[in-house]
Amino acid sequence: DDVIANEQVDRRMMQRGEQDGESSAYQSGREGEAEGEDQRHAPAIARRSLKLPSPERRGPGTLVARDRNLSTHRVRGGHRETRPRTNTQKTTMHTYLLASVASLLIGEGVSFQHKQRIAQQRRPSDSSRLFETSTAVENNDTSVSTRAMELKRELIALSESTNRGFRASRVDRNQAKKTISELAKLNPSPEPAAAYYLPTSKSSGSSAKGLAGKWTLVYTDAPDITSLDATGPLSTAKLGRVGQQCDPPRIANVIEWTKPDWASDLPFSGSENSRVLQKVVCEGSASPSNPSTVDLKILGLELEGEGDSGPASILGNNPVKLQGPLSAPFGKFDILYLDETMRITKTYQGFYAVNLRDDEWF
């Protein structure tokens, strides 16, 4: 009897010790997991994340790390006790996972290098040169307010950073619309379309040069223009400058095409200065009843070339002019802002164009 009694006492003490050990292991595991110090389970988590085989190690008092979005549980006496995982535990397990994956990769010989971003050199912008010229003119022009000058500088800066709007994001386009809207309120020209009034109409007043002249595009959000720069490795030409020649009643939309980069070493492709000018020719008209709107009718297409060889030389010696006997409506545009150096228009589809006066390249 004494022997049996002693064995029962020893058995109770062993069970109590196992329970205390389980409780201690469970508690220490939770504390280590919460503090980010218990690294024992990170390799197992990394193995499961990388879909690597892992041995089953489950027994009394063993913490089992399940999926990161589920709960943490332990095996006790053949029964699983599930406890919700706290935010601190979830964050800690994410940290364990990242650290363990990095450790496994480094162990496989994978090196991690920090690559410093190298800023691309920006090519000189034609709009920058044009704005320097326009600024010199406006210093002596009292019709342009100080605020208008600030807004014009903002548009020029935006055009340079977005490549004339071809690389503009939605935020950039919204900012451009906001600046244009504010600048339109400062328009110094009461009749910006006066140059295209019919002969029977009279203008009560307009700016010195008005709309007539040559203009170079520095910003637009019109997709029919921005899509022209979508050049690929097999493109037959490279987009150059875009402009407009206003010679009442004629309006010509001018697009400059140059030799693509891949053809620089090909024979008979022309020199670096070779170019082809594509002109969509329209006829414009306006009236004093709507002094800011110009109606357009398309007249035809013209192709001109400049170069010593290649397609540009052929078109230079044999320019193409396609014009039919009739003219068809081609839309219209509103002039939102016009001064000596800048013009801002809005098409009837709702797209904007910012141009600077330039008499040099075409």
# chains A, B, ... in the order shown; residues from 1 in each chain; ligands from 1

$ residues_around --residues "stretch 184-198 of chain A" --least-positions-apart "2" --cutoff "7 Å" --atoms "only C-alpha atoms" --output "ChimeraX atom specification"
/A:143,148,180-182,200-201,203,205-207,210-212,248-249,284-287,291-294,335-339

$ residues_around --residues "stretch 349-352 of chain A" --least-positions-apart "6" --cutoff "10 Å" --atoms "only C-alpha atoms" --output "compact mmCIF listing (two decimals) with all heavy atoms, in the first residue's frame"
# COMPACT_ATOMS: atom_id res chain seq x y z
N ARG A 173 -2.62 67.22 -65.43
CA ARG A 173 -3.65 67.80 -66.30
C ARG A 173 -4.64 68.65 -65.49
O ARG A 173 -5.09 69.71 -65.97
CB ARG A 173 -4.37 66.69 -67.06
CG ARG A 173 -3.51 66.01 -68.11
CD ARG A 173 -4.35 65.12 -69.01
NE ARG A 173 -4.85 63.96 -68.29
CZ ARG A 173 -4.23 62.80 -68.23
NH1 ARG A 173 -3.07 62.65 -68.84
NH2 ARG A 173 -4.74 61.78 -67.58
N ALA A 176 -2.96 71.88 -64.77
CA ALA A 176 -2.92 72.73 -65.96
C ALA A 176 -4.28 73.40 -66.20
O ALA A 176 -4.35 74.60 -66.51
CB ALA A 176 -2.51 71.91 -67.18
N LYS A 177 -5.35 72.64 -66.04
CA LYS A 177 -6.69 73.22 -66.22
C LYS A 177 -6.95 74.33 -65.21
O LYS A 177 -7.55 75.36 -65.54
CB LYS A 177 -7.75 72.12 -66.09
CG LYS A 177 -7.74 71.11 -67.22
CD LYS A 177 -8.80 70.04 -66.99
CE LYS A 177 -8.78 68.99 -68.08
NZ LYS A 177 -9.80 67.93 -67.86
N ILE A 180 -4.91 77.37 -66.29
CA ILE A 180 -5.50 77.97 -67.49
C ILE A 180 -6.78 78.71 -67.15
O ILE A 180 -7.03 79.81 -67.67
CB ILE A 180 -5.75 76.88 -68.55
CG1 ILE A 180 -4.42 76.36 -69.11
CG2 ILE A 180 -6.63 77.41 -69.67
CD1 ILE A 180 -4.57 75.17 -70.03
N TYR A 219 2.24 72.87 -74.66
CA TYR A 219 1.46 71.97 -73.79
C TYR A 219 0.12 71.66 -74.44
O TYR A 219 -0.51 72.54 -75.04
CB TYR A 219 1.21 72.59 -72.41
CG TYR A 219 0.29 71.73 -71.55
CD1 TYR A 219 0.80 70.66 -70.82
CD2 TYR A 219 -1.09 71.94 -71.52
CE1 TYR A 219 -0.02 69.83 -70.07
CE2 TYR A 219 -1.93 71.12 -70.77
CZ TYR A 219 -1.39 70.07 -70.05
OH TYR A 219 -2.20 69.25 -69.31
N THR A 220 -0.31 70.40 -74.29
CA THR A 220 -1.64 70.00 -74.74
C THR A 220 -2.06 68.73 -74.02
O THR A 220 -1.21 67.96 -73.55
CB THR A 220 -1.68 69.77 -76.26
OG1 THR A 220 -3.03 69.52 -76.67
CG2 THR A 220 -0.83 68.58 -76.67
N ASP A 221 -3.37 68.52 -73.94
CA ASP A 221 -3.90 67.26 -73.42
C ASP A 221 -4.77 66.58 -74.47
O ASP A 221 -5.48 65.62 -74.17
CB ASP A 221 -4.70 67.50 -72.14
CG ASP A 221 -5.89 68.44 -72.35
OD1 ASP A 221 -6.06 68.96 -73.47
OD2 ASP A 221 -6.65 68.67 -71.38
N ALA A 222 -4.69 67.05 -75.73
CA ALA A 222 -5.48 66.46 -76.80
C ALA A 222 -4.87 65.11 -77.21
O ALA A 222 -3.70 65.04 -77.59
CB ALA A 222 -5.51 67.40 -78.01
N PRO A 223 -5.63 64.03 -77.13
CA PRO A 223 -5.08 62.70 -77.44
C PRO A 223 -4.62 62.54 -78.87
O PRO A 223 -3.72 61.75 -79.15
CB PRO A 223 -6.23 61.75 -77.09
CG PRO A 223 -7.46 62.59 -77.14
CD PRO A 223 -7.05 63.95 -76.73
N GLY A 331 -14.49 71.54 -87.24
CA GLY A 331 -14.54 71.87 -85.83
C GLY A 331 -14.32 73.36 -85.58
O GLY A 331 -14.41 74.20 -86.48
N LYS A 332 -14.00 73.67 -84.35
CA LYS A 332 -13.76 75.05 -83.96
C LYS A 332 -12.95 75.06 -82.67
O LYS A 332 -12.77 74.05 -82.01
CB LYS A 332 -15.07 75.79 -83.75
CG LYS A 332 -15.96 75.19 -82.66
CD LYS A 332 -17.28 75.94 -82.56
CE LYS A 332 -18.19 75.30 -81.50
NZ LYS A 332 -19.48 76.00 -81.40
N PHE A 333 -12.43 76.23 -82.32
CA PHE A 333 -11.73 76.37 -81.04
C PHE A 333 -12.00 77.74 -80.45
O PHE A 333 -12.25 78.72 -81.18
CB PHE A 333 -10.22 76.13 -81.21
CG PHE A 333 -9.51 77.11 -82.11
CD1 PHE A 333 -9.02 78.33 -81.61
CD2 PHE A 333 -9.31 76.82 -83.45
CE1 PHE A 333 -8.35 79.21 -82.43
CE2 PHE A 333 -8.64 77.72 -84.29
CZ PHE A 333 -8.16 78.91 -83.77
N ASP A 334 -11.97 77.79 -79.13
CA ASP A 334 -12.14 79.04 -78.40
C ASP A 334 -10.78 79.53 -77.92
O ASP A 334 -9.95 78.75 -77.45
CB ASP A 334 -13.06 78.84 -77.19
CG ASP A 334 -14.48 78.47 -77.60
OD1 ASP A 334 -14.93 78.97 -78.65
OD2 ASP A 334 -15.12 77.69 -76.88
N ILE A 335 -10.56 80.83 -78.02
CA ILE A 335 -9.32 81.45 -77.55
C ILE A 335 -9.54 81.94 -76.14
O ILE A 335 -10.28 82.91 -75.91
CB ILE A 335 -8.89 82.61 -78.47
CG1 ILE A 335 -8.81 82.12 -79.92
CG2 ILE A 335 -7.56 83.18 -78.03
CD1 ILE A 335 -8.58 83.23 -80.92
N LEU A 336 -8.93 81.28 -75.17
CA LEU A 336 -9.12 81.63 -73.77
C LEU A 336 -8.18 82.74 -73.32
O LEU A 336 -8.53 83.53 -72.44
CB LEU A 336 -8.90 80.38 -72.89
CG LEU A 336 -9.75 79.16 -73.23
CD1 LEU A 336 -9.41 78.02 -72.26
CD2 LEU A 336 -11.22 79.50 -73.18

$ residues_around --residues "A:Ala168" --least-positions-apart "2" --cutoff "10 Å" --atoms "only C-alpha atoms" --output "list in words"
Leu158, Ser159, Ser161, Thr162, Asn163, Arg164, Gly165, Phe166, Arg170, Val171, Asp172, Arg173, Asn174, Ala176, Tyr219, Thr220, Asp221 and Thr226 of chain A

$ write_last_selection --atoms "N, CA, C and O atoms" --output "mmCIF file, in the first residue's frame"
data_model
loop_
_atom_site.group_PDB
_atom_site.id
_atom_site.type_symbol
_atom_site.label_atom_id
_atom_site.label_comp_id
_atom_site.auth_asym_id
_atom_site.auth_seq_id
_atom_site.Cartn_x
_atom_site.Cartn_y
_atom_site.Cartn_z
ATOM 1 N N LEU A 158 5.310 73.344 -66.166
ATOM 2 C CA LEU A 158 4.548 72.104 -66.297
ATOM 3 C C LEU A 158 4.789 71.457 -67.656
ATOM 4 O O LEU A 158 4.904 70.235 -67.762
ATOM 5 N N SER A 159 4.881 72.272 -68.694
ATOM 6 C CA SER A 159 5.117 71.720 -70.028
ATOM 7 C C SER A 159 6.483 71.062 -70.122
ATOM 8 O O SER A 159 6.644 70.023 -70.765
ATOM 9 N N SER A 161 8.223 69.686 -67.576
ATOM 10 C CA SER A 161 8.288 68.486 -66.745
ATOM 11 C C SER A 161 7.461 67.335 -67.312
ATOM 12 O O SER A 161 7.681 66.183 -66.949
ATOM 13 N N THR A 162 6.514 67.636 -68.197
ATOM 14 C CA THR A 162 5.641 66.592 -68.758
ATOM 15 C C THR A 162 5.854 66.382 -70.250
ATOM 16 O O THR A 162 5.051 65.701 -70.887
ATOM 17 N N ASN A 163 6.925 66.948 -70.800
ATOM 18 C CA ASN A 163 7.210 66.813 -72.233
ATOM 19 C C ASN A 163 6.025 67.271 -73.080
ATOM 20 O O ASN A 163 5.418 66.494 -73.829
ATOM 21 N N ARG A 164 5.668 68.525 -72.888
ATOM 22 C CA ARG A 164 4.576 69.162 -73.629
ATOM 23 C C ARG A 164 3.208 68.556 -73.319
ATOM 24 O O ARG A 164 2.264 68.700 -74.094
ATOM 25 N N GLY A 165 3.126 67.865 -72.185
ATOM 26 C CA GLY A 165 1.872 67.230 -71.811
ATOM 27 C C GLY A 165 1.775 65.793 -72.260
ATOM 28 O O GLY A 165 0.835 65.079 -71.887
ATOM 29 N N PHE A 166 2.743 65.312 -73.045
ATOM 30 C CA PHE A 166 2.707 63.937 -73.539
ATOM 31 C C PHE A 166 2.883 62.940 -72.401
ATOM 32 O O PHE A 166 2.433 61.799 -72.508
ATOM 33 N N ARG A 170 -2.813 62.511 -64.446
ATOM 34 C CA ARG A 170 -4.108 63.147 -64.204
ATOM 35 C C ARG A 170 -3.951 64.361 -63.297
ATOM 36 O O ARG A 170 -4.608 65.386 -63.490
ATOM 37 N N VAL A 171 -3.057 64.261 -62.330
ATOM 38 C CA VAL A 171 -2.809 65.396 -61.436
ATOM 39 C C VAL A 171 -2.230 66.568 -62.223
ATOM 40 O O VAL A 171 -2.613 67.723 -62.022
ATOM 41 N N ASP A 172 -1.298 66.274 -63.139
ATOM 42 C CA ASP A 172 -0.702 67.330 -63.962
ATOM 43 C C ASP A 172 -1.762 68.007 -64.829
ATOM 44 O O ASP A 172 -1.787 69.246 -64.951
ATOM 45 N N ARG A 173 -2.620 67.218 -65.430
ATOM 46 C CA ARG A 173 -3.649 67.804 -66.298
ATOM 47 C C ARG A 173 -4.642 68.648 -65.494
ATOM 48 O O ARG A 173 -5.089 69.708 -65.974
ATOM 49 N N ASN A 174 -4.985 68.185 -64.306
ATOM 50 C CA ASN A 174 -5.889 68.982 -63.471
ATOM 51 C C ASN A 174 -5.235 70.295 -63.052
ATOM 52 O O ASN A 174 -5.898 71.337 -63.006
ATOM 53 N N ALA A 176 -2.956 71.884 -64.774
ATOM 54 C CA ALA A 176 -2.920 72.733 -65.964
ATOM 55 C C ALA A 176 -4.276 73.396 -66.197
ATOM 56 O O ALA A 176 -4.346 74.597 -66.513
ATOM 57 N N TYR A 219 2.243 72.865 -74.657
ATOM 58 C CA TYR A 219 1.459 71.972 -73.791
ATOM 59 C C TYR A 219 0.118 71.665 -74.441
ATOM 60 O O TYR A 219 -0.514 72.543 -75.039
ATOM 61 N N THR A 220 -0.314 70.401 -74.291
ATOM 62 C CA THR A 220 -1.642 70.004 -74.740
ATOM 63 C C THR A 220 -2.060 68.729 -74.019
ATOM 64 O O THR A 220 -1.209 67.962 -73.547
ATOM 65 N N ASP A 221 -3.366 68.523 -73.942
ATOM 66 C CA ASP A 221 -3.901 67.261 -73.422
ATOM 67 C C ASP A 221 -4.766 66.577 -74.474
ATOM 68 O O ASP A 221 -5.476 65.617 -74.171
ATOM 69 N N THR A 226 -1.025 63.993 -78.415
ATOM 70 C CA THR A 226 -0.145 63.261 -77.497
ATOM 71 C C THR A 226 0.154 61.848 -77.993
ATOM 72 O O THR A 226 1.190 61.275 -77.665
#

$ atom_distance --atom1 "atom CA of A:Ile251" --atom2 "atom CA of A:Thr345"
13.9 Å

$ select_by_dssp --residues "stretch 152-319 of chain A" --states "strand (DSSP E)" --output "PyMOL selection string"
chain A and resi 213-220+238-247+250-258+275-287+290-306

$ closest_residue --among "A:Trp257, A:Arg12, A:Lys152, A:Asn318" --to "A:Met342" --atoms "only C-alpha atoms"
A:Lys152

$ closest_residue --among "A:Lys321, A:Arg11, A:Arg147, A:Arg275" --to "A:Asp308" --atoms "only C-alpha atoms"
A:Arg275

$ residues_around --residues "stretch 213-218 of chain A" --least-positions-apart "4" --cutoff "6 Å" --atoms "only C-alpha atoms" --output "list in words"
Ser127, Ser159, Arg164, Val242, Gly243, Gln244, Gln245, Cys246, Val354, Asn355, Leu356, Arg357, Asp358 and Asp359 of chain A
